[in-house]
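Student: So I've got this file, work_13.txt, and it contains compact mmCIF, C-alpha atoms:
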```
# COMPACT_ATOMS: atom_id res chain seq x y z
CA HIS B 1042 68.01 -145.63 52.12
CA THR B 1043 71.09 -145.30 54.33
CA LYS B 1044 70.14 -148.49 56.15
CA HIS B 1045 70.06 -150.35 52.83
CA ASP B 1046 73.49 -148.94 51.95
CA ILE B 1047 74.94 -150.12 55.27
CA VAL B 1048 73.45 -153.59 54.76
CA ASP B 1049 74.76 -153.84 51.18
CA LEU B 1050 78.22 -152.36 51.72
CA PHE B 1051 79.12 -153.76 55.13
CA ASP B 1052 76.98 -156.91 55.25
CA ILE B 1053 75.36 -155.81 58.51
CA SER B 1054 72.19 -157.60 59.57
CA PRO B 1055 69.14 -155.34 58.98
CA GLU B 1056 67.79 -156.26 62.41
CA LYS B 1057 70.75 -154.50 64.03
CA ILE B 1058 69.96 -151.14 62.44
CA SER B 1059 67.36 -148.66 63.69
CA VAL B 1060 66.31 -145.80 61.42
CA ILE B 1061 65.78 -142.49 63.20
CA TYR B 1062 65.07 -139.45 61.08
CA HIS B 1063 66.44 -135.98 61.71
CA GLY B 1064 64.09 -133.26 62.89
CA ILE B 1065 63.78 -129.51 62.76
CA ASP B 1066 62.71 -126.81 65.18
CA GLN B 1067 58.94 -126.63 64.71
CA SER B 1068 58.50 -123.09 66.05
CA PRO B 1069 56.80 -120.83 63.50
CA TYR B 1070 58.99 -118.97 61.02
CA VAL B 1071 58.37 -115.21 60.82
CA PRO B 1072 59.77 -113.38 57.76
CA SER B 1073 61.95 -110.33 58.36
CA PRO B 1074 59.91 -107.11 58.20
CA GLU B 1075 62.38 -105.69 55.67
CA GLY B 1076 60.99 -108.07 53.06
CA ASN B 1077 62.81 -109.34 50.00
CA PRO B 1078 65.73 -107.25 48.68
CA ASN B 1079 66.77 -109.83 46.06
CA GLY B 1080 64.01 -109.73 43.45
CA ARG B 1081 62.96 -113.01 41.80
CA TYR B 1082 65.43 -115.84 42.23
CA ILE B 1083 66.01 -119.57 42.31
CA LEU B 1084 67.79 -120.78 45.45
CA TYR B 1085 70.69 -123.24 45.73
CA VAL B 1086 71.83 -124.04 49.27
CA GLY B 1087 74.95 -125.76 50.59
CA GLY B 1088 78.12 -127.32 49.23
CA ARG B 1089 78.95 -127.68 45.56
CA ASN B 1090 81.14 -130.81 45.56
CA LYS B 1091 81.02 -133.12 42.53
CA TYR B 1092 78.17 -135.29 43.82
CA LYS B 1093 76.10 -132.17 44.47
CA ASN B 1094 75.59 -131.78 40.69
CA PHE B 1095 76.06 -128.01 40.79
CA LEU B 1096 77.50 -127.74 37.28
CA ARG B 1097 74.65 -129.81 35.85
CA PHE B 1098 72.29 -127.53 37.74
CA VAL B 1099 73.92 -124.49 36.08
CA HIS B 1100 73.54 -126.10 32.65
CA ASP B 1101 69.84 -126.83 33.14
CA VAL B 1102 68.90 -123.58 34.84
CA THR B 1103 70.63 -121.31 32.29
CA PRO B 1104 67.77 -121.58 29.72
CA VAL B 1105 65.32 -120.63 32.47
CA LEU B 1106 67.29 -117.45 33.17
CA ARG B 1107 67.28 -116.64 29.46
CA ASN B 1108 63.49 -117.06 29.38
CA HIS B 1109 63.03 -114.87 32.48
CA GLN B 1110 65.21 -111.80 32.30
CA ASP B 1111 64.28 -110.67 35.81
CA MET B 1112 65.40 -113.96 37.39
CA SER B 1113 68.67 -114.75 39.17
CA VAL B 1114 70.16 -117.71 41.04
CA ILE B 1115 71.33 -117.21 44.63
CA CYS B 1116 73.87 -119.71 45.95
CA THR B 1117 74.80 -119.92 49.62
CA GLY B 1118 78.12 -121.29 50.81
CA LYS B 1119 81.70 -120.66 49.77
CA PRO B 1120 82.71 -118.32 46.94
CA PHE B 1121 82.66 -119.87 43.48
CA ASN B 1122 85.86 -121.76 42.66
CA ARG B 1123 87.86 -121.45 39.46
CA GLU B 1124 86.04 -124.23 37.61
CA GLU B 1125 82.64 -122.88 38.61
CA LEU B 1126 83.58 -119.37 37.52
CA ARG B 1127 84.70 -120.74 34.15
CA VAL B 1128 81.39 -122.58 33.63
CA LEU B 1129 79.40 -119.53 34.69
CA GLN B 1130 81.34 -117.37 32.25
CA GLU B 1131 80.67 -119.85 29.45
CA SER B 1132 76.95 -119.68 30.22
CA GLY B 1133 77.00 -116.00 29.33
CA LEU B 1134 74.96 -115.23 32.43
CA SER B 1135 77.60 -115.21 35.16
CA GLY B 1136 76.28 -111.92 36.55
CA ARG B 1137 72.98 -113.59 37.39
CA PHE B 1138 74.51 -116.26 39.59
CA VAL B 1139 75.01 -114.61 42.98
CA GLN B 1140 77.01 -116.13 45.84
CA LYS B 1141 75.86 -115.11 49.31
CA PHE B 1142 77.52 -115.80 52.65
CA VAL B 1143 74.67 -116.34 55.10
CA GLU B 1144 75.29 -114.82 58.53
CA SER B 1145 72.27 -116.03 60.50
CA ASP B 1146 69.46 -118.60 60.56
CA GLN B 1147 66.98 -115.78 59.97
CA GLU B 1148 68.78 -114.71 56.81
CA LEU B 1149 68.83 -118.29 55.52
CA MET B 1150 65.14 -118.80 56.23
CA ASP B 1151 64.33 -115.51 54.52
CA LEU B 1152 66.26 -116.68 51.44
CA TYR B 1153 64.09 -119.79 51.32
CA HIS B 1154 60.88 -117.90 51.97
CA PHE B 1155 61.28 -115.29 49.24
CA ALA B 1156 62.70 -117.67 46.62
CA GLN B 1157 60.59 -118.75 43.68
CA VAL B 1158 61.85 -122.29 44.28
CA PHE B 1159 64.56 -124.18 46.14
CA VAL B 1160 66.43 -126.72 43.99
CA PHE B 1161 68.35 -129.66 45.50
CA PRO B 1162 70.12 -131.42 42.58
CA SER B 1163 72.44 -133.62 44.66
CA GLU B 1164 73.14 -137.20 43.59
CA TYR B 1165 73.46 -138.53 47.13
CA GLU B 1166 72.54 -137.36 50.63
CA GLY B 1167 72.10 -139.07 53.97
CA PHE B 1168 68.96 -137.06 54.72
CA GLY B 1169 68.68 -133.52 53.38
CA ILE B 1170 68.06 -130.95 56.13
CA PRO B 1171 67.58 -128.15 53.54
CA ILE B 1172 64.35 -129.88 52.47
CA LEU B 1173 62.89 -129.34 55.94
CA GLU B 1174 64.21 -125.77 56.08
CA ALA B 1175 62.44 -124.98 52.81
CA TYR B 1176 59.24 -126.62 54.06
CA LYS B 1177 59.32 -124.50 57.21
CA ALA B 1178 59.93 -121.29 55.26
CA GLY B 1179 57.13 -121.98 52.78
CA CYS B 1180 59.29 -122.46 49.69
CA PRO B 1181 58.42 -124.96 46.92
CA VAL B 1182 61.01 -127.75 46.71
CA LEU B 1183 62.45 -129.30 43.55
CA LEU B 1184 64.46 -132.49 44.10
CA ASN B 1185 66.60 -134.78 42.01
CA ARG B 1186 64.86 -138.16 42.13
CA ALA B 1187 67.85 -139.86 43.67
CA SER B 1188 69.22 -141.22 46.91
CA CYS B 1189 66.96 -140.75 49.94
CA PHE B 1190 65.01 -137.76 48.58
CA PRO B 1191 61.77 -139.61 47.69
CA GLU B 1192 61.88 -141.33 51.08
CA ILE B 1193 62.18 -138.04 52.95
CA ALA B 1194 59.93 -135.81 50.86
CA GLY B 1195 57.27 -138.23 49.66
CA ASP B 1196 54.68 -136.36 47.61
CA ALA B 1197 55.69 -133.01 49.15
CA ALA B 1198 58.20 -132.18 46.41
CA ILE B 1199 58.49 -131.96 42.65
CA TYR B 1200 61.00 -134.40 41.18
CA PHE B 1201 63.27 -134.07 38.16
CA GLY B 1202 66.13 -136.17 36.81
CA PHE B 1203 69.36 -135.91 34.87
CA ASN B 1204 69.02 -139.38 33.31
CA GLY B 1205 66.52 -138.56 30.58
CA LYS B 1206 63.87 -140.77 32.20
CA GLU B 1207 62.44 -138.09 34.48
CA ARG B 1208 61.21 -134.63 33.61
CA SER B 1209 64.08 -132.19 33.24
CA LEU B 1210 64.94 -129.55 35.80
CA GLN B 1211 64.24 -126.81 33.26
CA GLU B 1212 60.77 -128.19 32.52
CA CYS B 1213 59.89 -128.49 36.21
CA ILE B 1214 61.01 -124.94 37.02
CA GLU B 1215 59.07 -123.50 34.10
CA ASP B 1216 55.92 -125.33 35.18
CA LEU B 1217 56.29 -124.09 38.74
CA LEU B 1218 56.84 -120.49 37.65
CA ALA B 1219 53.51 -120.67 35.81
CA TRP B 1220 51.56 -121.62 38.94
CA THR B 1221 48.86 -119.33 40.25
CA PRO B 1222 49.23 -118.06 43.85
CA SER B 1223 46.57 -120.54 44.98
CA GLN B 1224 48.40 -123.47 43.34
CA ARG B 1225 51.63 -122.43 45.03
CA GLN B 1226 49.93 -122.11 48.42
CA GLU B 1227 48.29 -125.52 48.06
CA PHE B 1228 51.68 -127.11 47.44
CA VAL B 1229 53.30 -125.22 50.33
CA ASP B 1230 50.51 -126.53 52.59
CA ILE B 1231 51.30 -130.11 51.54
CA GLN B 1232 54.95 -129.50 52.38
CA HIS B 1233 54.05 -128.08 55.78
CA GLN B 1234 52.01 -131.18 56.58
CA ARG B 1235 54.98 -133.37 55.66
CA LEU B 1236 57.20 -131.28 57.93
CA GLN B 1237 55.23 -132.44 60.98
CA LEU B 1238 56.77 -135.91 60.58
CA TYR B 1239 60.22 -134.60 61.44
CA THR B 1240 60.60 -133.32 65.00
CA TRP B 1241 63.59 -133.51 67.33
CA GLU B 1242 61.23 -134.68 70.09
CA LYS B 1243 60.28 -137.73 68.01
CA ALA B 1244 63.93 -138.40 67.17
CA ALA B 1245 64.91 -138.16 70.85
CA ARG B 1246 62.16 -140.59 71.92
CA GLU B 1247 63.19 -143.11 69.30
CA LEU B 1248 66.87 -142.82 70.20
CA ALA B 1249 66.07 -143.29 73.89
CA GLU B 1250 64.14 -146.43 72.98
CA VAL B 1251 67.18 -147.79 71.14
CA TYR B 1252 69.34 -147.26 74.25
CA ARG B 1253 66.73 -148.98 76.44
CA ASN B 1254 66.57 -151.97 74.12
CA VAL B 1255 70.36 -152.30 74.00
CA ALA B 1256 70.62 -151.99 77.77
CA ASN B 1257 68.06 -154.76 78.26
CA GLU B 1258 69.69 -157.24 75.86
```
Starting from the coordinates I provided, produce the structure as structure tokens.
Tutor:
Amino acid sequence: HTKHDIVDLFDISPEKISVIYHGIDQSPYVPSPEGNPNGRYILYVGGRNKYKNFLRFVHDVTPVLRNHQDMSVICTGKPFNREELRVLQESGLSGRFVQKFVESDQELMDLYHFAQVFVFPSEYEGFGIPILEAYKAGCPVLLNRASCFPEIAGDAAIYFGFNGKERSLQECIEDLLAWTPSQRQEFVDIQHQRLQLYTWEKAARELAEVYRNVANE
């Protein structure tokens, strides 16, 4: 997807561009023995700039919180800004949107692992490392069908849309929350298989090959 953007925007020849995907540490994730102190929650990870669609996410997830009184939304990253606080107040459920500053990789992975679902509503990304983090932690992934997400996740994600053509975020979350434990585990297994495509060793080999080819030209 990024290659196509470079070709379209800068008129670069496709033959001059090599696509090398990011990777992730493939060592097994082990949950903290303390378990989950946060109850049932939906997870939002990362920045909340305009293209991240955070406010649209809040709009669509609010009915889910109303339907599930024991559910909250945990957001990593910076504290909510003034506009976000206003929108959360207008939702009537501001107390159920929790901002957390993550202090370690273990804490972040635990947040993924114990979440009911990780939602990535962004309109545009170059890759999407949080997708791989969620895969590794065993957390079901919900993605906006946009940008590079279908390329990266393939069939190892559930897709929604904000354009009215795809299933809504609310509908997808509700369906997922109704899964049986075996259905959830089956989907997590599919995600784990997809994760094997993205290793730093593979990325390093492919990058080294690019350098060799350039050096021999």
Student: Just give me the gap between atom CA of Ser1135 of chain B and atom CA of Cys1213 of chain B in Å, one decimal is fine.
Tutor: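 That distance, rounded to one decimal, is 22.2 Å.
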Student: Can I get the residues of segment 1141-1233 of chain B within 7 Å of segment 1068-1076 of chain B, each with the closest pair of atoms and their distance in Å to one decimal, using all atoms listed in the file, sorted chain first then ascending number, as JSON lines?
Tutor:
```
{"residue": "B:Asp1151", "atom": "CA", "partner": "B:Pro1072", "partner_atom": "CA", "distance": 6.0}
{"residue": "B:Lys1177", "atom": "CA", "partner": "B:Tyr1070", "partner_atom": "CA", "distance": 6.7}
{"residue": "B:Ala1178", "atom": "CA", "partner": "B:Tyr1070", "partner_atom": "CA", "distance": 6.3}
```
Student: Tell me, as a ChimeraX atom specification, which residues lie within 9 Å of Leu1134 of chain B, counting only C-alpha atoms; anything in the same chain fewer than 5 positions away does not count.
Tutor: /B:1103,1106-1107,1129
Student: So the first atom is atom CA of Asp1146 of chain B and the second is atom CA of Lys1091 of chain B; what is the distance between them in Å, to one decimal place?
Tutor: 25.9 Å
Student: Counting only C-alpha atoms, which residues in segment 1173-1224 of chain B sit no more than 12 Å from segment 1043-1060 of chain B? For each one, give the nearest pair of atoms and the distance in Å, sorted by chain then residue number, as a Markdown table.
Tutor:
```
| residue | atom | partner | partner_atom | distance |
| --- | --- | --- | --- | --- |
| B:Ser1188 | CA | B:Thr1043 | CA | 8.7 |
| B:Cys1189 | CA | B:Thr1043 | CA | 7.6 |
| B:Phe1190 | CA | B:Thr1043 | CA | 11.3 |
| B:Glu1192 | CA | B:Thr1043 | CA | 10.5 |
| B:Ile1193 | CA | B:Thr1043 | CA | 11.6 |
```
Student: Which neighbours of segment 1094-1096 of chain B fall inside 12 Å, counting all atoms listed in the file, when residues of the same chain fewer than 6 positions from it are skipped, and could you give them as a VMD selection string?
Tutor: chain B and resid 1084 to 1088 1102 to 1103 1114 1116 1121 to 1122 1124 to 1129 1131 to 1132 1138 1160 to 1166 1184 to 1185 1187 1202 to 1203 1210
Student: For the atom pair atom CA of Val1251 of chain B and atom CA of Gln1067 of chain B, what is the interatomic distance in Å to one decimal place?
Tutor: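 Interatomic distance, atom CA of Val1251 of chain B to atom CA of Gln1067 of chain B: 23.6 Å.
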Student: From the set B:Leu1238, B:Leu1217, B:Ile1115, B:Ala1156, which residue has the shortest atom-to-atom contact distance to Phe1142 of chain B, counting all atoms listed in the file?
Tutor: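 Answer, going by the shortest atom-to-atom distance: B:Ile1115.
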Student: Within 10 Å of (68.1, -123.7, 57.0) in the file's own coordinates, which protein, DNA or RNA residues have an atom, counting all atoms listed in the file? List them as a list in words.
Tutor: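 Those residues, ordered by chain and then number, are Ile1065, Val1086, Gly1087, Ser1145, Asp1146, Gln1147, Glu1148, Leu1149, Met1150, Asp1151, Leu1152, Tyr1153, Ile1170, Pro1171, Ile1172, Leu1173, Glu1174, Ala1175, Tyr1176, Lys1177 and Ala1178 of chain B.
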